[in-house]
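Colleague: Here you go, one structure.
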Amino acid sequence: MFGPLQLALDRLFGTVSIRLWLALGIVAAGVVAAYVVMGITSRLLDRIGVVETIEGTSFERTTNEFGTSTARIITQLSGGFTLLVAVFLAVTVADLRFADLFWGTVAVFLPRLFAALVVLVVGVVVADKIELLVSERLRGVKLPEIGLLPLLAKYSVLFVAVLIALSQIGVAVLALIVLLAAYALALIVFTALATKDLLASGTAGVYLLLHQPYSIGDEVTIGGRHGIVQEVDLLVTRIENDGKEYVVPNRTVLRDGIVRVRDV
Amino acid sequence: MTSLSDVLDGLVSDVDAVFLFGPNGSFYERFGEIENVVVVGPENTVDAETFVELPIPFADVQDRIRFGIEGAMDDELVGEGDVVACFGSLFADDADFVSRVRVDESMRSGIYDLFTNSRADPAVISDVFEVALELGRKGQKGKPVGALFVVGDAGKVMNKSRPLSYNPFEKSHVHVGDPIVNVMLKEFSRLDGAFVISDSGKIVSAYRYLEPSAEGVDIPKGLGARHMAGGAITRDTNATAIVLSESDGLVRAFKSGELILELDPEAY
């Protein structure tokens with residue numbers, strides 16, 4: 001009675017090789033592993049405070065509009081990647097030779113793609129956060145042009161993130177790196193030029209504050225300015241004489257020397 | 001038969017400006033439609049357009065209102081003859097009183113001037129006030145002490161005074177406002193002489209004997225040598241003197257040789 005059915009089943013299981021069964025098992029295990037990884041990732045992100053840190057960045061707000069969040073995107077990415085690894089493993093085990101070449105390339109490419117995506121997401125979030133931080137620091141400065149600075153900081157970070165992501169997936173980025181180097185060089189040169197006087201005055205100020213060759217209340221002449229010292233700080237010395245207050249950069253104090261009037 | 005709200009209407013009718021003293025966000029929102037709202041408080045927490053900063057939380061409501069109105073007069077938000085309604089809190093943290101005040105030039109007692117138009121930083125002056133008030137409240141080891149702080153124009157003050165002993169603040173870089181410095185000032189308050197503090201708050205010297213010319217300095221009778229010295233030095237220089245009296249425990253501020261403000265430390 002059961003004979004023919006039994007035979008059919010036997011034949012069915014017989015034709016499907018043991019490797020295929022193993023592959024199916026691996027896929028199933030992969031699904032479970034993916035869920036576990038997703039759970040761990042989301043809890044980890046929560047625990048190290050990523051969720052609060054990135055709150056309020058524009059990327060986070062955009063993701064919220066699409067009904068998701070940055071943390072969830074990263075979680076889903078990690079889960080998807082785990083699943084992909086499992087599928088890849090399964091295919092290898094199942095020994096599907098016809099796809100060997102294709103899967104070989106994919107095996108190399110997938111982790112890189114994953115890394116690139118993560119770098120991109122992290123880069124976008126960090127860029128947004130930096131924009132927020134910089135604009136918060138500059139909020140006291142009521143200048144319309146000041147709005148450029150946070151944007152500049154944001155796009156600098158974004159640029160570097162895109163650069164790393166592109167190089168991860170093997171796109172030629174040499175030209176972009178040259179661009180980055182030129183940008184960094186310009187930044188350093190301009191900063192050095194702009195803060196040259198500040199640095200010189202600052203180092204002179206450290207000497208003045210440590211050794212106090214003159215102090216508040218002394219009568220001095222510095223660089224032709226004669227008067228009573230009212231204030232010495234890191235960058236400038238304030239000398240007052242007859243209702244005139246001279247603000248002398250500390251640089252000049254060391255360069256021109258000090259005349260202390262001891263007695264008249 | 002007049003109801004209570006009619007009486008209240010009389011208080012706030014035809015006012016030229018409304019002053020809110022330390023309002024919270026929701027209370028401020030309720031004034032959204034009304035013009036000429038001036039917020040007075042230690043911090044502009046409600047992002048109000050017109051804001052007068054209170055350097056010390058005046059315990060005396062009259063002082064608080066006077067300071068706010070003086071500040072607004074200085075910024076030309078209100079002028080002589082204007083009538084303003086003041087909302088503020090007396091007992092609780094929420095607004096619980098309203099007061100109708102006529103702005104008058106005679107209200108310019110110089111309290112606002114003392115903080116904003118002094119040589120020294122407003123923050124430095126309020127820091128020194130805080131030290132003096134705390135010293136007055138607690139005293140030195142429970143005993144009442146006196147102290148004299150001369151704030152601002154330190155170069156000139158140093159030239160109008162002489163050291164009584166070695167200056168403990170020589171070659172140090174301490175500023176008022178740091179918590180540890182307040183302890184130091186308290187400890188040094190047993191020394192005789194004045195503290196000299198610069199415009200930016202650096203403590204230049206302790207142990208200074210002030211030598212201003214005291215001619216023509218008019219300070220209330222009954223105040224001693226410390227107040228006389230403090231008052232006189234502010235006439236000779238552009239400094240502000242903040243004096244804690246040993247005998248009656250009050251904190252007084254002098255500017256241009258005149259007594260500007262009198263505070264009772266016990267009230268803070």
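We name chains A, B, ... following the order of the structure tokens; residues begin at 1 in each chain, and ligands are numbered from 1 as shown.
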If DSSP is run on the backbone, what residues of segment 127-183 of chain A are helix (DSSP H, G or I)? A reply as a PyMOL selection string would be ideal.
Modeller: chain A and resi 127-137+144-168+174-183
Colleague: Using only C-alpha atoms, tabulate the residues of chain A lying at most 7 Å from any atom of chain B, each with its closest atom pair and that distance in Å to one decimal, by chain and increasing residue number, as a Markdown table.
Modeller:
| residue | atom | partner | partner_atom | distance |
| --- | --- | --- | --- | --- |
| A:Gln212 | CA | B:Lys171 | CA | 6.8 |
| A:Ile216 | CA | B:Gly155 | CA | 5.3 |
| A:Gly217 | CA | B:Gly155 | CA | 3.7 |
| A:Ile228 | CA | B:Gly155 | CA | 5.9 |
| A:Val229 | CA | B:Gly155 | CA | 5.7 |
| A:Gln230 | CA | B:Gly155 | CA | 4.6 |
| A:Glu231 | CA | B:Ser198 | CA | 7.0 |
Colleague: By how many Å are atom CA of Pro265 of chain B and atom CA of Val103 of chain B apart?
Modeller: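 Between atom CA of Pro265 of chain B and atom CA of Val103 of chain B the gap works out to 28.2 Å.
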Colleague: Counting only C-alpha atoms, which of B:Gly71, B:Gly22, B:Glu211, B:Lys221 gets nearest to Gly88 of chain B?
Modeller: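 Using only C-alpha atoms, the shortest distance to Gly88 of chain B belongs to B:Gly22.
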Colleague: Leaving out segment 80-90 of chain A and any residue of its chain fewer than 6 positions from it, which residues lie within 12 Å of it when counting only C-alpha atoms, given as JSON, numbers by chain?
Modeller: {"A": [19, 20, 21, 22, 23, 24, 25, 26, 27, 28, 29, 30, 31, 32, 33, 34, 35, 36, 37, 38, 41, 72, 73, 74, 96, 99, 100, 102, 103, 104, 105, 106, 107, 108, 109, 110, 111, 112, 113, 114, 115, 117, 118]}
Colleague: Please provide the set of residues having any atom within 12 Å of Ser109 of chain B, restricted to only C-alpha atoms, with same-chain residues fewer than 3 positions apart removed, written as a ChimeraX atom specification.
Modeller: /B:62-63,65-71,104-106,112-114,254-255,258-262
Colleague: Please dump the current selection as a short mmCIF file (atom, residue, chain, number, x, y, z; two decimals), in the first residue's frame; keep N, CA and C atoms.
Modeller:
data_model
loop_
_atom_site.label_atom_id
_atom_site.label_comp_id
_atom_site.auth_asym_id
_atom_site.auth_seq_id
_atom_site.Cartn_x
_atom_site.Cartn_y
_atom_site.Cartn_z
N GLN B 62 11.82 95.47 45.62
CA GLN B 62 11.96 96.85 45.14
C GLN B 62 13.26 97.02 44.37
N ASP B 63 14.36 96.47 44.93
CA ASP B 63 15.65 96.54 44.24
C ASP B 63 15.58 95.85 42.89
N ILE B 65 12.96 95.26 40.95
CA ILE B 65 12.17 96.01 39.96
C ILE B 65 12.93 97.26 39.53
N ARG B 66 13.57 97.91 40.48
CA ARG B 66 14.31 99.12 40.16
C ARG B 66 15.45 98.80 39.18
N PHE B 67 16.12 97.68 39.44
CA PHE B 67 17.22 97.29 38.56
C PHE B 67 16.70 97.03 37.15
N GLY B 68 15.60 96.29 37.06
CA GLY B 68 15.04 95.97 35.75
C GLY B 68 14.63 97.21 34.99
N ILE B 69 13.98 98.15 35.69
CA ILE B 69 13.51 99.37 35.02
C ILE B 69 14.69 100.26 34.62
N GLU B 70 15.71 100.33 35.51
CA GLU B 70 16.89 101.10 35.15
C GLU B 70 17.56 100.54 33.91
N GLY B 71 17.64 99.20 33.86
CA GLY B 71 18.24 98.56 32.70
C GLY B 71 17.45 98.88 31.45
N ASP B 104 10.30 106.81 36.50
CA ASP B 104 10.64 108.15 36.94
C ASP B 104 12.16 108.28 36.89
N GLU B 105 12.65 109.43 36.48
CA GLU B 105 14.12 109.59 36.42
C GLU B 105 14.75 109.40 37.80
N SER B 106 13.97 109.72 38.85
CA SER B 106 14.53 109.60 40.20
C SER B 106 14.73 108.13 40.59
N TYR B 112 21.97 99.77 38.36
CA TYR B 112 22.24 99.16 37.06
C TYR B 112 23.61 99.62 36.56
N ASP B 113 23.84 100.92 36.74
CA ASP B 113 25.10 101.52 36.35
C ASP B 113 26.28 100.83 37.02
N LEU B 114 26.07 100.49 38.30
CA LEU B 114 27.14 99.89 39.10
C LEU B 114 27.67 98.62 38.42
N PHE B 254 30.18 101.11 46.74
CA PHE B 254 30.44 102.52 46.48
C PHE B 254 30.95 102.69 45.06
N LYS B 255 30.55 103.80 44.46
CA LYS B 255 31.10 104.15 43.15
C LYS B 255 31.15 105.66 43.07
N GLU B 258 30.21 107.57 46.12
CA GLU B 258 28.85 107.56 46.67
C GLU B 258 28.38 106.15 46.97
N LEU B 259 27.55 106.07 48.02
CA LEU B 259 26.96 104.78 48.37
C LEU B 259 25.84 104.47 47.37
N ILE B 260 25.96 103.35 46.67
CA ILE B 260 25.00 103.02 45.62
C ILE B 260 24.01 101.96 46.08
N LEU B 261 24.52 100.96 46.75
CA LEU B 261 23.68 99.79 47.02
C LEU B 261 23.98 99.25 48.41
N GLU B 262 22.95 98.81 49.07
CA GLU B 262 23.10 98.26 50.41
C GLU B 262 22.34 96.94 50.45
#
